[in-house]
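Engineer: So that you have it, the file is final_12.cif, and it contains mmCIF, C-alpha atoms:
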data_start
loop_
_atom_site.group_PDB
_atom_site.id
_atom_site.type_symbol
_atom_site.label_atom_id
_atom_site.label_comp_id
_atom_site.auth_asym_id
_atom_site.auth_seq_id
_atom_site.Cartn_x
_atom_site.Cartn_y
_atom_site.Cartn_z
ATOM 1 C CA MET Z 986 106.944 225.603 -91.618
ATOM 2 C CA GLY Z 987 106.235 222.129 -92.952
ATOM 3 C CA ARG Z 988 105.556 219.413 -90.396
ATOM 4 C CA ILE Z 989 104.721 215.713 -90.526
ATOM 5 C CA ALA Z 990 101.001 215.030 -90.336
ATOM 6 C CA LEU Z 991 98.929 211.860 -90.141
ATOM 7 C CA VAL Z 992 95.182 211.680 -90.764
ATOM 8 C CA THR Z 993 93.133 208.569 -89.993
ATOM 9 C CA GLY Z 994 90.187 207.850 -92.229
ATOM 10 C CA GLY Z 995 92.150 210.132 -94.487
ATOM 11 C CA THR Z 996 91.242 209.026 -98.004
ATOM 12 C CA ARG Z 997 87.520 209.855 -98.118
ATOM 13 C CA GLY Z 998 85.106 212.484 -96.862
ATOM 14 C CA ILE Z 999 86.238 214.840 -94.128
ATOM 15 C CA GLY Z 1000 89.547 213.023 -93.717
ATOM 16 C CA ALA Z 1001 90.437 213.429 -97.383
ATOM 17 C CA ALA Z 1002 89.585 217.135 -97.245
ATOM 18 C CA VAL Z 1003 91.774 217.511 -94.148
ATOM 19 C CA ALA Z 1004 94.683 215.655 -95.766
ATOM 20 C CA ARG Z 1005 94.462 217.879 -98.836
ATOM 21 C CA ARG Z 1006 94.352 221.037 -96.721
ATOM 22 C CA LEU Z 1007 97.371 220.023 -94.665
ATOM 23 C CA ALA Z 1008 99.340 219.084 -97.767
ATOM 24 C CA ALA Z 1009 98.458 222.438 -99.341
ATOM 25 C CA SER Z 1010 99.818 224.094 -96.181
ATOM 26 C CA GLY Z 1011 103.227 222.594 -96.899
ATOM 27 C CA HIS Z 1012 103.069 219.648 -94.522
ATOM 28 C CA THR Z 1013 104.169 216.097 -95.315
ATOM 29 C CA VAL Z 1014 100.966 214.094 -94.975
ATOM 30 C CA ALA Z 1015 100.119 210.421 -94.577
ATOM 31 C CA ALA Z 1016 96.520 209.200 -94.830
ATOM 32 C CA VAL Z 1017 95.442 206.000 -93.083
ATOM 33 C CA TYR Z 1018 92.488 203.950 -94.314
ATOM 34 C CA HIS Z 1019 91.087 200.487 -93.744
ATOM 35 C CA GLY Z 1020 88.201 199.465 -95.948
ATOM 36 C CA ASN Z 1021 87.916 200.962 -99.435
ATOM 37 C CA VAL Z 1022 91.095 200.143 -101.355
ATOM 38 C CA ALA Z 1023 89.867 201.521 -104.690
ATOM 39 C CA ALA Z 1024 88.964 204.884 -103.164
ATOM 40 C CA ALA Z 1025 92.292 205.062 -101.345
ATOM 41 C CA GLU Z 1026 94.289 204.343 -104.480
ATOM 42 C CA ALA Z 1027 92.291 206.931 -106.413
ATOM 43 C CA PHE Z 1028 93.002 209.458 -103.666
ATOM 44 C CA ARG Z 1029 96.726 208.675 -103.762
ATOM 45 C CA ARG Z 1030 96.873 209.069 -107.536
ATOM 46 C CA ALA Z 1031 94.944 212.343 -107.443
ATOM 47 C CA THR Z 1032 96.879 213.956 -104.591
ATOM 48 C CA GLY Z 1033 100.276 212.286 -104.324
ATOM 49 C CA ILE Z 1034 99.631 211.870 -100.587
ATOM 50 C CA ALA Z 1035 101.064 208.683 -99.071
ATOM 51 C CA ILE Z 1036 98.477 206.141 -97.939
ATOM 52 C CA TYR Z 1037 98.706 203.360 -95.367
ATOM 53 C CA ARG Z 1038 96.208 200.619 -94.604
ATOM 54 C CA TRP Z 1039 95.540 199.364 -91.095
ATOM 55 C CA ASP Z 1040 92.728 198.952 -88.566
ATOM 56 C CA VAL Z 1041 92.946 201.936 -86.208
ATOM 57 C CA GLY Z 1042 90.827 200.064 -83.659
ATOM 58 C CA ASP Z 1043 93.543 197.421 -83.254
ATOM 59 C CA TYR Z 1044 96.544 198.575 -81.179
ATOM 60 C CA ALA Z 1045 98.958 196.002 -82.599
ATOM 61 C CA ALA Z 1046 98.004 197.000 -86.154
ATOM 62 C CA CYS Z 1047 98.495 200.654 -85.233
ATOM 63 C CA GLU Z 1048 101.952 199.948 -83.799
ATOM 64 C CA ALA Z 1049 103.088 198.172 -86.954
ATOM 65 C CA GLY Z 1050 101.559 200.716 -89.316
ATOM 66 C CA TRP Z 1051 102.852 203.648 -87.299
ATOM 67 C CA ALA Z 1052 106.412 202.316 -87.398
ATOM 68 C CA GLU Z 1053 106.222 201.927 -91.173
ATOM 69 C CA ALA Z 1054 104.764 205.404 -91.709
ATOM 70 C CA VAL Z 1055 107.285 207.126 -89.434
ATOM 71 C CA ARG Z 1056 110.132 205.343 -91.193
ATOM 72 C CA ASP Z 1057 108.827 206.368 -94.622
ATOM 73 C CA LEU Z 1058 108.058 209.950 -93.604
ATOM 74 C CA GLY Z 1059 111.498 210.420 -92.102
ATOM 75 C CA GLY Z 1060 110.467 211.714 -88.704
ATOM 76 C CA SER Z 1061 107.951 211.756 -85.880
ATOM 77 C CA VAL Z 1062 104.336 212.766 -86.401
ATOM 78 C CA GLU Z 1063 103.752 216.327 -85.192
ATOM 79 C CA LEU Z 1064 100.158 216.776 -86.350
ATOM 80 C CA LEU Z 1065 97.690 213.954 -85.665
ATOM 81 C CA VAL Z 1066 94.090 214.053 -86.835
ATOM 82 C CA ASN Z 1067 91.940 211.231 -85.448
ATOM 83 C CA ASN Z 1068 89.131 211.227 -87.974
ATOM 84 C CA ALA Z 1069 88.379 207.536 -88.608
ATOM 85 C CA GLY Z 1070 84.782 206.633 -87.938
ATOM 86 C CA ILE Z 1071 82.074 204.143 -88.856
ATOM 87 C CA THR Z 1072 78.398 203.683 -88.088
ATOM 88 C CA ARG Z 1073 76.508 200.487 -87.318
ATOM 89 C CA ASP Z 1074 73.074 201.940 -86.623
ATOM 90 C CA ALA Z 1075 70.335 200.047 -84.793
ATOM 91 C CA MET Z 1076 67.924 200.688 -81.978
ATOM 92 C CA LEU Z 1077 69.447 199.370 -78.763
ATOM 93 C CA HIS Z 1078 66.939 196.535 -78.433
ATOM 94 C CA HIS Z 1079 68.136 195.242 -81.824
ATOM 95 C CA MET Z 1080 71.828 196.191 -81.586
ATOM 96 C CA THR Z 1081 74.276 193.320 -81.500
ATOM 97 C CA PRO Z 1082 77.413 193.246 -79.349
ATOM 98 C CA ALA Z 1083 79.425 193.275 -82.585
ATOM 99 C CA GLN Z 1084 77.735 196.485 -83.741
ATOM 100 C CA TRP Z 1085 78.540 198.085 -80.398
ATOM 101 C CA HIS Z 1086 82.164 196.976 -80.202
ATOM 102 C CA GLU Z 1087 83.015 197.756 -83.838
ATOM 103 C CA VAL Z 1088 81.925 201.376 -83.500
ATOM 104 C CA ILE Z 1089 83.573 201.893 -80.107
ATOM 105 C CA ALA Z 1090 86.840 200.438 -81.436
ATOM 106 C CA THR Z 1091 86.981 202.472 -84.638
ATOM 107 C CA ASP Z 1092 85.526 205.742 -83.387
ATOM 108 C CA LEU Z 1093 86.877 205.966 -79.820
ATOM 109 C CA THR Z 1094 89.553 203.374 -79.057
ATOM 110 C CA SER Z 1095 91.384 204.547 -82.178
ATOM 111 C CA CYS Z 1096 91.907 207.937 -80.523
ATOM 112 C CA PHE Z 1097 93.739 206.205 -77.679
ATOM 113 C CA ASN Z 1098 95.698 203.934 -80.002
ATOM 114 C CA MET Z 1099 96.967 206.678 -82.283
ATOM 115 C CA SER Z 1100 97.510 209.329 -79.611
ATOM 116 C CA ARG Z 1101 99.370 206.841 -77.440
ATOM 117 C CA LEU Z 1102 101.796 206.198 -80.278
ATOM 118 C CA ALA Z 1103 102.257 209.918 -80.984
ATOM 119 C CA ILE Z 1104 102.461 211.352 -77.498
ATOM 120 C CA ALA Z 1105 105.950 210.377 -76.326
ATOM 121 C CA ALA Z 1106 107.701 212.075 -79.262
ATOM 122 C CA MET Z 1107 105.428 215.105 -78.964
ATOM 123 C CA ARG Z 1108 106.264 215.455 -75.269
ATOM 124 C CA GLU Z 1109 109.973 215.093 -75.945
ATOM 125 C CA ARG Z 1110 109.810 217.692 -78.715
ATOM 126 C CA ARG Z 1111 107.527 219.917 -76.629
ATOM 127 C CA PHE Z 1112 105.256 220.439 -79.584
ATOM 128 C CA GLY Z 1113 102.254 218.639 -80.982
ATOM 129 C CA ARG Z 1114 98.783 219.124 -82.376
ATOM 130 C CA ILE Z 1115 96.090 216.482 -81.921
ATOM 131 C CA VAL Z 1116 92.639 217.040 -83.391
ATOM 132 C CA ASN Z 1117 89.893 214.489 -82.740
ATOM 133 C CA ILE Z 1118 86.783 214.435 -84.901
ATOM 134 C CA SER Z 1119 83.646 214.016 -82.804
ATOM 135 C CA SER Z 1120 80.078 214.626 -84.007
ATOM 136 C CA ILE Z 1121 76.906 216.583 -83.352
ATOM 137 C CA ASN Z 1122 75.413 213.248 -82.260
ATOM 138 C CA GLY Z 1123 78.046 212.900 -79.580
ATOM 139 C CA GLN Z 1124 76.747 216.172 -78.168
ATOM 140 C CA LYS Z 1125 72.990 215.743 -78.458
ATOM 141 C CA GLY Z 1126 72.487 211.994 -78.938
ATOM 142 C CA GLN Z 1127 70.587 210.317 -81.755
ATOM 143 C CA ALA Z 1128 68.035 207.517 -81.750
ATOM 144 C CA GLY Z 1129 69.464 204.391 -83.326
ATOM 145 C CA GLN Z 1130 73.033 205.448 -82.552
ATOM 146 C CA THR Z 1131 73.726 204.598 -78.920
ATOM 147 C CA ASN Z 1132 77.048 203.123 -80.039
ATOM 148 C CA TYR Z 1133 78.060 206.057 -82.248
ATOM 149 C CA ALA Z 1134 76.814 208.745 -79.841
ATOM 150 C CA ALA Z 1135 78.623 207.091 -76.928
ATOM 151 C CA ALA Z 1136 81.856 206.866 -78.922
ATOM 152 C CA LYS Z 1137 81.718 210.438 -80.141
ATOM 153 C CA ALA Z 1138 80.830 211.762 -76.683
ATOM 154 C CA GLY Z 1139 83.790 209.770 -75.389
ATOM 155 C CA VAL Z 1140 86.016 211.526 -77.931
ATOM 156 C CA ILE Z 1141 85.135 214.855 -76.328
ATOM 157 C CA GLY Z 1142 85.964 213.609 -72.822
ATOM 158 C CA PHE Z 1143 89.188 212.044 -74.081
ATOM 159 C CA THR Z 1144 90.119 215.356 -75.709
ATOM 160 C CA LYS Z 1145 89.609 217.365 -72.526
ATOM 161 C CA ALA Z 1146 91.565 214.977 -70.316
ATOM 162 C CA LEU Z 1147 94.503 214.667 -72.706
ATOM 163 C CA ALA Z 1148 94.573 218.442 -73.173
ATOM 164 C CA LEU Z 1149 95.038 218.857 -69.415
ATOM 165 C CA GLU Z 1150 97.847 216.300 -69.399
ATOM 166 C CA THR Z 1151 99.779 217.906 -72.237
ATOM 167 C CA ALA Z 1152 99.178 221.664 -72.091
ATOM 168 C CA SER Z 1153 102.429 222.346 -70.242
ATOM 169 C CA LYS Z 1154 104.323 220.352 -72.876
ATOM 170 C CA GLY Z 1155 103.443 222.569 -75.825
ATOM 171 C CA ILE Z 1156 100.866 220.083 -77.103
ATOM 172 C CA THR Z 1157 97.294 221.092 -77.867
ATOM 173 C CA VAL Z 1158 94.412 218.633 -78.082
ATOM 174 C CA ASN Z 1159 91.088 219.757 -79.507
ATOM 175 C CA ALA Z 1160 87.933 218.251 -80.956
ATOM 176 C CA VAL Z 1161 85.753 219.225 -83.877
ATOM 177 C CA ALA Z 1162 82.090 218.217 -83.805
ATOM 178 C CA PRO Z 1163 80.654 218.412 -87.319
ATOM 179 C CA GLY Z 1164 76.977 218.303 -88.044
ATOM 180 C CA TYR Z 1165 75.671 216.558 -91.136
ATOM 181 C CA VAL Z 1166 78.264 216.892 -93.899
ATOM 182 C CA ALA Z 1167 77.925 215.744 -97.513
ATOM 183 C CA THR Z 1168 80.090 212.604 -97.309
ATOM 184 C CA ASP Z 1169 79.648 208.959 -98.305
ATOM 185 C CA MET Z 1170 78.518 208.162 -94.751
ATOM 186 C CA VAL Z 1171 75.700 210.712 -94.907
ATOM 187 C CA ALA Z 1172 74.840 209.749 -98.487
ATOM 188 C CA ALA Z 1173 74.047 206.252 -97.180
ATOM 189 C CA VAL Z 1174 71.145 207.670 -95.142
ATOM 190 C CA ALA Z 1175 67.716 207.033 -96.693
ATOM 191 C CA LYS Z 1176 66.645 209.928 -98.918
ATOM 192 C CA ASP Z 1177 63.456 210.684 -96.973
ATOM 193 C CA VAL Z 1178 65.373 210.684 -93.678
ATOM 194 C CA LEU Z 1179 68.052 212.942 -95.121
ATOM 195 C CA GLN Z 1180 65.418 215.415 -96.292
ATOM 196 C CA LYS Z 1181 64.046 215.588 -92.741
ATOM 197 C CA ILE Z 1182 67.552 216.161 -91.392
ATOM 198 C CA GLU Z 1183 68.231 218.998 -93.853
ATOM 199 C CA ALA Z 1184 64.949 220.619 -92.841
ATOM 200 C CA GLN Z 1185 66.255 220.786 -89.246
ATOM 201 C CA ILE Z 1186 69.468 222.634 -90.208
ATOM 202 C CA PRO Z 1187 68.941 226.403 -89.846
ATOM 203 C CA VAL Z 1188 71.347 227.291 -92.674
ATOM 204 C CA GLY Z 1189 69.290 225.033 -94.929
ATOM 205 C CA ARG Z 1190 71.951 222.697 -96.260
ATOM 206 C CA LEU Z 1191 74.465 219.995 -95.446
ATOM 207 C CA GLY Z 1192 77.997 221.023 -94.597
ATOM 208 C CA ASP Z 1193 80.908 220.680 -96.982
ATOM 209 C CA ALA Z 1194 83.892 218.554 -95.982
ATOM 210 C CA ASP Z 1195 86.287 221.393 -96.740
ATOM 211 C CA GLU Z 1196 84.471 223.601 -94.223
ATOM 212 C CA ILE Z 1197 85.462 221.135 -91.523
ATOM 213 C CA ALA Z 1198 88.968 220.778 -92.961
ATOM 214 C CA ARG Z 1199 89.567 224.519 -92.636
ATOM 215 C CA ILE Z 1200 88.861 224.301 -88.901
ATOM 216 C CA VAL Z 1201 91.301 221.420 -88.537
ATOM 217 C CA GLN Z 1202 93.865 223.299 -90.582
ATOM 218 C CA PHE Z 1203 93.726 226.197 -88.115
ATOM 219 C CA LEU Z 1204 93.778 223.997 -85.001
ATOM 220 C CA THR Z 1205 96.939 222.279 -86.250
ATOM 221 C CA SER Z 1206 98.693 225.583 -86.925
ATOM 222 C CA ASP Z 1207 101.212 227.403 -84.745
ATOM 223 C CA GLU Z 1208 98.670 230.238 -84.442
ATOM 224 C CA ALA Z 1209 96.272 227.982 -82.475
ATOM 225 C CA ALA Z 1210 98.677 227.487 -79.563
ATOM 226 C CA PHE Z 1211 96.299 229.060 -77.005
ATOM 227 C CA ILE Z 1212 93.385 226.767 -77.892
ATOM 228 C CA THR Z 1213 93.327 223.398 -76.155
ATOM 229 C CA GLY Z 1214 90.642 221.180 -74.659
ATOM 230 C CA SER Z 1215 88.047 222.851 -76.857
ATOM 231 C CA THR Z 1216 85.289 221.376 -78.970
ATOM 232 C CA ILE Z 1217 84.551 223.418 -82.078
ATOM 233 C CA THR Z 1218 81.039 222.843 -83.396
ATOM 234 C CA ALA Z 1219 80.221 223.214 -87.086
ATOM 235 C CA ASN Z 1220 76.669 222.125 -87.708
ATOM 236 C CA GLY Z 1221 74.834 224.947 -89.457
ATOM 237 C CA GLY Z 1222 73.085 225.914 -86.231
ATOM 238 C CA GLN Z 1223 71.363 222.543 -85.827
ATOM 239 C CA TYR Z 1224 72.598 222.125 -82.265
ATOM 240 C CA MET Z 1225 74.028 224.848 -80.065
ATOM 241 C CA ALA Z 1226 75.866 223.344 -77.117
#
Now, as a test, write the supplied structure out as structure tokens.

Structural biologist:
Amino acid sequence: MGRIALVTGGTRGIGAAVARRLAASGHTVAAVYHGNVAAAEAFRRATGIAIYRWDVGDYAACEAGWAEAVRDLGGSVELLVNNAGITRDAMLHHMTPAQWHEVIATDLTSCFNMSRLAIAAMRERRFGRIVNISSINGQKGQAGQTNYAAAKAGVIGFTKALALETASKGITVNAVAPGYVATDMVAAVAKDVLQKIEAQIPVGRLGDADEIARIVQFLTSDEAAFITGSTITANGGQYMA
């Protein structure tokens, strides 16, 4: 059964893999992006998936963009994947307030913004799937990422609380905590640092974005109705919570 799905950060990396998977499952998919216009347009041309540009950390921008997407898609969003994320790494004694607030807004506040816009229709329909993308570093912490680790840990707490609020309404809310996956974000890590990271992964390699997308695909399915408030880890054995 095809549903309407929206994926934030949906034109690159994990988000793009998720959008492709959901479209292949027969869903009508919209992908939201903010920064890289060229990559988003290339994604649209390659997949035929509708793209929308707005800042998911800004509630007013989300309201306007959401209204446009819902109008274009012809119905309410039933599957929401909160995947948008950025890093602004620095040790805390060098981190600026801007670096802190930018990451919290994009990686955590966006989950509130988008879920808040989706939840009323989901409750009325008595069906919904929300999947929030956290991170291994939200589970174990990471030096130089107090902002990112705090945001991604917050995603897990947000997921659990919202799952409790919505379970009786036929809505499931789950998180996925990927380890290091071969995306543009990870590719930006210095080569020597990345080699050290790979050496710490028991399976001996980085993850593939489609491996994460397959988890999201299942969590958004009708078959996953008994799973809510969970955090699914996929990190090659690097951290076992």

Engineer: What lies within 10 Å of Ser1119 (chain Z) using only C-alpha atoms, ignoring chain neighbours under 4 positions off, as a ChimeraX atom specification?

Structural biologist: /Z:1067-1070,1092-1093,1123-1124,1133-1134,1136-1141,1144,1159-1164,1216-1218

Engineer: I need the residue nearest Arg1108 (chain Z) from this list: Z:Gly1155, Z:Gly1222, Z:Pro1082, Z:Gly1129. Use only C-alpha atoms for the distance.

Structural biologist: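 Of all the options, Z:Gly1155 lies closest to Arg1108 (chain Z).
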
Engineer: Near region 1179-1187 of chain Z, counting all atoms listed in the file, which residues have an atom at most 8 Å away, once you skip same-chain residues fewer than 6 positions from it, shown as a ChimeraX atom specification?

Structural biologist: /Z:1171,1220-1223

Engineer: For the structure provided, state which residues fall under the PyMOL selection byres ((chain Z and resi 987-1002) around 9), and present them as a VMD selection string.

Structural biologist: chain Z and resid 986 1003 to 1008 1010 to 1019 1021 1024 to 1029 1036 1041 1054 1058 to 1070 1095 1099 1166 to 1170 1193 to 1199

Engineer: For the provided coordinates, the residues matched by the PyMOL selection byres ((chain Z and resi 1147) around 10) should be stated as a list in words.

Structural biologist: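 For this structure, the PyMOL selection byres ((chain Z and resi 1147) around 10) resolves to Phe1097, Ser1100, Ile1104, Ile1115, Gly1142, Phe1143, Thr1144, Lys1145, Ala1146, Ala1148, Leu1149, Glu1150, Thr1151, Ala1152, Ile1156, Thr1157, Val1158, Asn1159, Thr1213 and Gly1214 of chain Z.
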